[in-house]
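Peer 1: This structure is in structure tokens; I'll ask about it shortly.
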Amino acid sequence: MKINSPLDAYKYLPGTNCGRCGEDTCMAFASHLIDRSKSGEDCLPMVEEDKYAKKLEELEKLLAPEIREVTIGTGEKSVTIGGDDVLFRHKLTFFNKTAYAYDVTDTMDEKELEERINTIQTFKKFYVGEFLNLDMVAVRCVSGKPDTFASTVKKVIGLTELPLVLCSFDPAVLKAALEVAADKKPLMYAANQENWKEVAGLAKEYEVPVTLFAPNDLDLLKSMAKTFAELGIEDLVLDPGTFPTGRELKTTFENFLKIRRAGIDGDGEIAYPIMAVPLTAWMAYDDDVSASYWETVVASVLTVKYGDIMIMHSIEPYALLPEMHLRDTIYTDPRKPVTVDPGVWEVGSPTADSPIIVTTNFALTYYTVESDISSNKIDCYIVVADTEGIGVEAAVAGGQLTADKIKKTLENAKFDLKEKTNYNTVILPGLSARLQGDVEDKVGSRVLIGSADSGRLPGWLEKNWPPQDK
Amino acid sequence: MSDKLKLSDLNSILKDLDVESLEGVTIEGDIELDIQGGGGMNPAMAYALGHEAAQISLHVANIARMLGYPVDQLFAQCLGAGGETAALQAEPAIEELLQAKFDVARSSEWNTPIQEVTLGATSADGGSRGHTITLGGEKAMPFYFDAEMPNRNYVTMDVFDMPISMAKSVKSNYEDVMGDPAEWAKKVVNEYNADMVTIHLISTDPLINDTPAKEAAKVVEDVLQAVDVPIVIGGSGNPQKDPEVLEKAAEVAEGERALLASASLNLDYERVAKAATDYGHAVLSWTQLEINAQKELNRKLMKQCNVPRDSIVMDPTTAALGYGLDYAYSNMERIRLSALMGDDELNFPMSSGTTNAWGARESWMKESPLKEDSDWGPREYRGPIWEIVTGLALALAGNDMFMMMHPTSVQVLKEITQTLYGNIEAKNPDITNWITAEV
Ligand code: B12
Ligand code: SF4
């Protein structure tokens, strides 16, 4: 973005405060342009009325992110990468989380191919109200044969909607694959010093995004990017090479830093998304666990610092889980509130005999507890106290989770325990055991202390619910 | 009006326009330029003339277009292209890569190095450690090319003064030494390559064993006897008891330049600070994910308690991967950036309680409690990598010292941080053709 204050953006807006964008004033809208939660097109007068056309165009140019956005794939599963404007996430937020692609090859037999792709596309992990998933499949041409590769790519397309990376340095191989896959808008990998002319031709002919590969040669990388842009090919991804170990890995890390800093600082010729290939860790380690560990480590470093898309090999859960969580960590919007609404909420279809459990309105706590319960098909009421977005242990320590808070939550929800339930009993989180007496006094109910971790709650309920004596 | 523009029409338009420079040129048939006025025209001349003619015909075509002639179609047909105007402009055929030089500026904002803090004292300095460890000194963000990083990252491994509950895959490494802190310390140094040892005096907690401070201090002596690496001394986390425990421990460790963990705003930090200054130790300034609280505590330690700058290390709190690491990461990154830009209340090395990663259920639970989740796989592999990734993210945010537990985690974290530091030589595979690699 070339501007950074709402005032700068305001100058381009109609200034009529008509409210059609959903904001009360153009100034309010302008601040959303700067925090990137709204875009120029949301101001309908600007889109509809010719007299604003020029201003809109200028504005959009100023608002365009420093790092170019590139979309791979089509439809719902398509991924967009790039689009960043800052070097440190707390300065705004990072946009478009790193896209993770896992490899298959054209020498795999049908069964292996099918199993791998299935794992890649179905792997999921619940986290804060939604599922973390994997994004892409990278098809590597190992056979060297255009026909073989094309037929594998065709099979892969039949098996998954995930966007693809087509990997070969041989233009003939790439062409054969594009013949069957171009309409899915795969990412071509890759142009290099030798083949760039032919690959540029393919990128133009088939209108697909393309990766430029220049291992540890930033001059060459930039010169390729410049050339491709000159040719009108701007959906580019840069791969400066991922050297898996030793000093070269340090250099790899530095290359990522350099490319991104140059791009954010305004060197448009190199302001494209960056690709990492942690898969190269498998070329450095022999045994699977070491290779998988090291691959995760390299992926972690380059997820934190500026990798926008990466190709990996291990689909072991112990590799996938930390990878997915780390990118979520880095790409979570630090400006977003992480609370849920306080109140008494139903999970499933609770009756007067169902358990009543107490927790906090910290989103992480709430969703963890809620999913632990609902996935085990337990019907119950959740009393979500307003702890100002603080989790159980810290809220007890800091005084945001108290007997009074719990009482107030029930009252505000007009939830009378004696009237609506048969046991007049609430269950507190194990980590808030010390509130037991207080809650008994203030709420006037019986209080049970549940497990420390809500993951153990289903087992705990089996033993302790319903309470033995009424 | 005919829908075709005949060349003769073009001719007559040209005539009407009285274009001087086209005099002597007639256009006939299939756009053939018949140049009258004698043969033997030199090629440069022909080119110039042709160029001019083309220019003019474009000009004229524009006029014709204005008059409503379907000029584009005509041109397309003449040039044998598919009816697009674009065909008029040939693709820029590029035969050689355009030259470009990559260049990026070094940061000009980072002008203040991080304070160096040395832990441990050898006999030369009145201690009995085999070597010392220096933290801090950075002039840039970690591992960046802007400036060489003077000191590498260090790992201090946790030792407890009593058996405690811990994740199964951690515990299996320590079962034989659980009851004996000195043996435990030896094990982490000799077998697991710990740079330092943290002795946690958790049995002193009144709610646990309420071990008297004096007795706890004996354990510190035992550990100092057992190993010769620099040590960290931790209390139980009980704010009432910790100052007393740390005082006694500091006294018996006099001269060894240990790190006292911790001073925090919710206990009598003055006593902890005094114990450090009286007996020549450094102090860990611990706050909970809050940059202003960190500034406040550091300020108090320096101004109110007279702790020298070279004796403060910060613990801005570590939340595990998936459990608040986003806060912990950005908190550390902001602290380090402010420090490099000259904030002298934040200009200290940082330490992370990376062990917190073992609180995340993904690191220790046998399987996901959620039926919808994919299989989590064996926890023996899940746990260590959780600790590694938690620590690694913070290493990239600027953390200098890691308090850790699992031997595999320690080994891998050291390998990657020292690789990024530039300390590890390795022969790399040829990645130029990674696509066909057998993996
Ligand atoms: C992140 C964090 C913070 C963040 C909080 C962010 C937030 N939005 O909550 C911040 C920086 C604000 C913070 C501040 C403080 N913190 Co703090 N913090 C942590 C940390 C690192 C992680 C906590 C966390 O998010 N856990 C994850 C969530 C999902 O867990 P949870 O809410 O407890 O939910 C789980 C269980 O409770 C259970 N559960 C939840 N609901 C229910 C319901 C039922 C019925 C059942 C059965 C189970 C159940 O299942 C859930 C999933 O496992 C822990 C250390 C650790 N444990 O790793 C310290 C910790 C919790 N903090 C601690 C302290 C002391 C504080 C402060 C008081 C420090 C201070 N002196 O300023 C302040 C208090 C601030 C306040 N309350 O205003 C202590 C608490 C010690 C104690 N036992 O009393 C801890 C343990 C650190 C420590 N070792 O000292 N903290
Ligand atoms: S729609 Fe446009 S003109 Fe109307 S208030 Fe919003 S920004 Fe202003």
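Following the order of the structure tokens, first chain is A, next is B, and so on, with residues numbered from 1 inside each chain and ligands from 1 in the order they appear.
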Could you please select, counting only C-alpha atoms, the residues of chain A within 6 Å of chain B and state them as a list in words?

Peer 2: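 Every residue of chain A that passes the 6 Å test is in Phe123, Lys124, Lys125, Arg140, Val142, Leu218, Asp219, Ser223, Thr227, Gly246, Arg247, Lys250, Ala262, Trp282, Pro317, Tyr318, His325, Thr329, Asp372, Ser375 and Gly455 of chain A.
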
Peer 1: Could you please extract the residues within 7 Å of ligand 1, counting only C-alpha atoms and all ligand atoms, and hand them back as a count of residues only?

Peer 2: 51

Peer 1: All residues within 12 Å of ligand 2 are required, counting only C-alpha atoms and all ligand atoms; please report them as a ChimeraX atom specification.

Peer 2: /A:6,9-33,38-49,52,55-56

Peer 1: Quick one: residues within 9 Å of Val199 in chain A, only C-alpha atoms, excluding same-chain residues fewer than 6 positions away - as a PyMOL selection string?

Peer 2: chain A and resi 169-171+174-175+188+190-192+210

Peer 1: Output as JSON, numbers by chain all residues of range 114-336 of chain A that backbone DSSP marks as strand (DSSP E or B).

Peer 2: {"A": [124, 125, 126, 127, 130, 131, 132, 133, 136, 137, 138, 139, 140, 164, 165, 166, 167, 187, 188, 189, 190, 191, 210, 211, 212, 213, 236, 237, 238, 239, 274, 275, 276, 309, 310, 311, 312]}

Peer 1: Take the residues just selected and output them with N, CA and C atoms as a compact mmCIF listing (two decimals), in the first residue's frame.

Peer 2:
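Final file, selection_11.txt:
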# COMPACT_ATOMS: atom_id res chain seq x y z
N LYS A 124 -7.68 -33.04 8.73
CA LYS A 124 -8.26 -31.86 9.37
C LYS A 124 -8.08 -31.90 10.87
N LYS A 125 -8.02 -30.70 11.41
CA LYS A 125 -7.78 -30.56 12.84
C LYS A 125 -8.63 -29.39 13.32
N PHE A 126 -9.47 -29.65 14.30
CA PHE A 126 -10.33 -28.60 14.82
C PHE A 126 -9.53 -27.59 15.62
N TYR A 127 -9.82 -26.32 15.39
CA TYR A 127 -9.12 -25.28 16.17
C TYR A 127 -9.93 -23.98 16.18
N GLU A 130 -13.07 -23.71 13.93
CA GLU A 130 -13.05 -24.23 12.57
C GLU A 130 -11.98 -25.31 12.40
N PHE A 131 -11.93 -25.85 11.18
CA PHE A 131 -10.94 -26.88 10.94
C PHE A 131 -9.73 -26.33 10.19
N LEU A 132 -8.55 -26.73 10.64
CA LEU A 132 -7.33 -26.45 9.89
C LEU A 132 -7.21 -27.54 8.82
N ASN A 133 -6.80 -27.14 7.61
CA ASN A 133 -6.68 -28.09 6.50
C ASN A 133 -5.38 -27.88 5.74
N MET A 136 -2.86 -27.98 -1.03
CA MET A 136 -2.53 -28.22 -2.43
C MET A 136 -1.81 -29.56 -2.61
N VAL A 137 -1.75 -29.98 -3.86
CA VAL A 137 -0.96 -31.16 -4.21
C VAL A 137 0.09 -30.73 -5.24
N ALA A 138 1.34 -31.13 -5.01
CA ALA A 138 2.40 -30.86 -5.97
C ALA A 138 2.70 -32.17 -6.69
N VAL A 139 2.56 -32.17 -8.00
CA VAL A 139 2.84 -33.39 -8.76
C VAL A 139 4.22 -33.26 -9.37
N ARG A 140 5.12 -34.18 -8.99
CA ARG A 140 6.50 -34.13 -9.49
C ARG A 140 6.66 -35.09 -10.65
N LEU A 164 -3.18 -27.49 -7.94
CA LEU A 164 -1.95 -28.27 -8.18
C LEU A 164 -0.75 -27.40 -8.46
N VAL A 165 0.42 -27.97 -8.12
CA VAL A 165 1.67 -27.44 -8.64
C VAL A 165 2.20 -28.51 -9.58
N LEU A 166 2.50 -28.14 -10.81
CA LEU A 166 3.04 -29.10 -11.77
C LEU A 166 4.53 -28.91 -11.85
N CYS A 167 5.28 -29.95 -11.43
CA CYS A 167 6.72 -29.76 -11.28
C CYS A 167 7.54 -30.50 -12.32
N LEU A 187 -0.26 -24.08 -10.71
CA LEU A 187 0.98 -23.31 -10.69
C LEU A 187 2.06 -24.12 -11.41
N MET A 188 2.68 -23.51 -12.40
CA MET A 188 3.74 -24.21 -13.11
C MET A 188 5.03 -24.07 -12.34
N TYR A 189 5.76 -25.17 -12.21
CA TYR A 189 7.06 -25.13 -11.56
C TYR A 189 8.05 -25.85 -12.45
N ALA A 190 9.03 -25.28 -13.00
CA ALA A 190 9.46 -23.92 -12.83
C ALA A 190 10.25 -23.49 -14.03
N ALA A 191 10.33 -22.17 -14.17
CA ALA A 191 11.27 -21.62 -15.15
C ALA A 191 12.62 -21.50 -14.48
N VAL A 210 3.25 -18.98 -12.74
CA VAL A 210 4.49 -19.74 -12.93
C VAL A 210 5.53 -19.38 -11.87
N THR A 211 6.30 -20.39 -11.46
CA THR A 211 7.37 -20.18 -10.50
C THR A 211 8.69 -19.96 -11.22
N LEU A 212 9.49 -19.05 -10.68
CA LEU A 212 10.83 -18.83 -11.22
C LEU A 212 11.83 -19.39 -10.21
N PHE A 213 12.73 -20.21 -10.70
CA PHE A 213 13.66 -20.91 -9.81
C PHE A 213 15.08 -20.47 -10.11
N LEU A 236 3.53 -14.43 -10.81
CA LEU A 236 4.82 -15.08 -10.60
C LEU A 236 5.01 -15.47 -9.15
N VAL A 237 5.73 -16.55 -8.95
CA VAL A 237 6.14 -16.98 -7.63
C VAL A 237 7.65 -17.16 -7.69
N LEU A 238 8.35 -16.71 -6.63
CA LEU A 238 9.81 -16.76 -6.67
C LEU A 238 10.35 -17.88 -5.79
N ASP A 239 11.19 -18.71 -6.36
CA ASP A 239 11.84 -19.75 -5.56
C ASP A 239 13.36 -19.51 -5.58
N ILE A 274 6.82 -15.77 -2.32
CA ILE A 274 8.04 -16.58 -2.30
C ILE A 274 7.69 -18.05 -2.02
N MET A 275 8.36 -18.94 -2.73
CA MET A 275 8.14 -20.36 -2.50
C MET A 275 9.32 -20.99 -1.76
N ALA A 276 8.99 -21.88 -0.81
CA ALA A 276 10.02 -22.68 -0.15
C ALA A 276 9.77 -24.15 -0.49
N ILE A 309 4.27 -20.00 -0.05
CA ILE A 309 3.78 -21.28 -0.52
C ILE A 309 4.92 -22.25 -0.33
N MET A 310 4.64 -23.50 0.06
CA MET A 310 5.75 -24.44 0.17
C MET A 310 5.37 -25.85 -0.19
N ILE A 311 6.38 -26.58 -0.65
CA ILE A 311 6.17 -27.96 -1.06
C ILE A 311 6.86 -28.87 -0.06
N MET A 312 6.07 -29.82 0.48
CA MET A 312 6.62 -30.72 1.48
C MET A 312 6.28 -32.16 1.16

Peer 1: Please report the interatomic distance between CA of Glu244 in chain B and CA of Thr122 in chain B in Å with one decimal.

Peer 2: 26.6 Å

Peer 1: Might you pull out every residue within 9 Å of range 185-195 of chain B, with only C-alpha atoms counted and same-chain residues fewer than 6 positions away left off, and present them as a ChimeraX atom specification?

Peer 2: /B:133,154-159,174,177,223,226-227,229-230,406-408,410-411

Peer 1: Please list as a list in words every residue within 6 Å of Asp333 in chain A, counting only C-alpha atoms and excluding residues in the same chain fewer than 2 positions away.

Peer 2: Thr93, Arg335 and Lys336 of chain A

Peer 1: Output N, CA and C atoms of each residue in that selection to a file, as a compact mmCIF listing (two decimals), in the first residue's frame.

Peer 2:
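The result, written out as result_24.txt:
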# COMPACT_ATOMS: atom_id res chain seq x y z
N THR A 93 -1.24 -7.04 9.92
CA THR A 93 -1.43 -8.48 10.03
C THR A 93 -0.83 -9.03 8.75
N ARG A 335 -5.33 -8.11 15.35
CA ARG A 335 -6.28 -7.05 15.72
C ARG A 335 -7.65 -7.60 16.07
N LYS A 336 -7.84 -8.87 15.76
CA LYS A 336 -9.18 -9.47 15.89
C LYS A 336 -9.46 -9.85 17.35

Peer 1: Apply DSSP to the structure's backbone, then extract all residues of range 138-377 of chain B labelled alpha helix (DSSP H) and return them as an NGL selection string.

Peer 2: :B and (168-171 or 181-190 or 213-226 or 242-252 or 269-279 or 291-299 or 325-340 or 361-364)
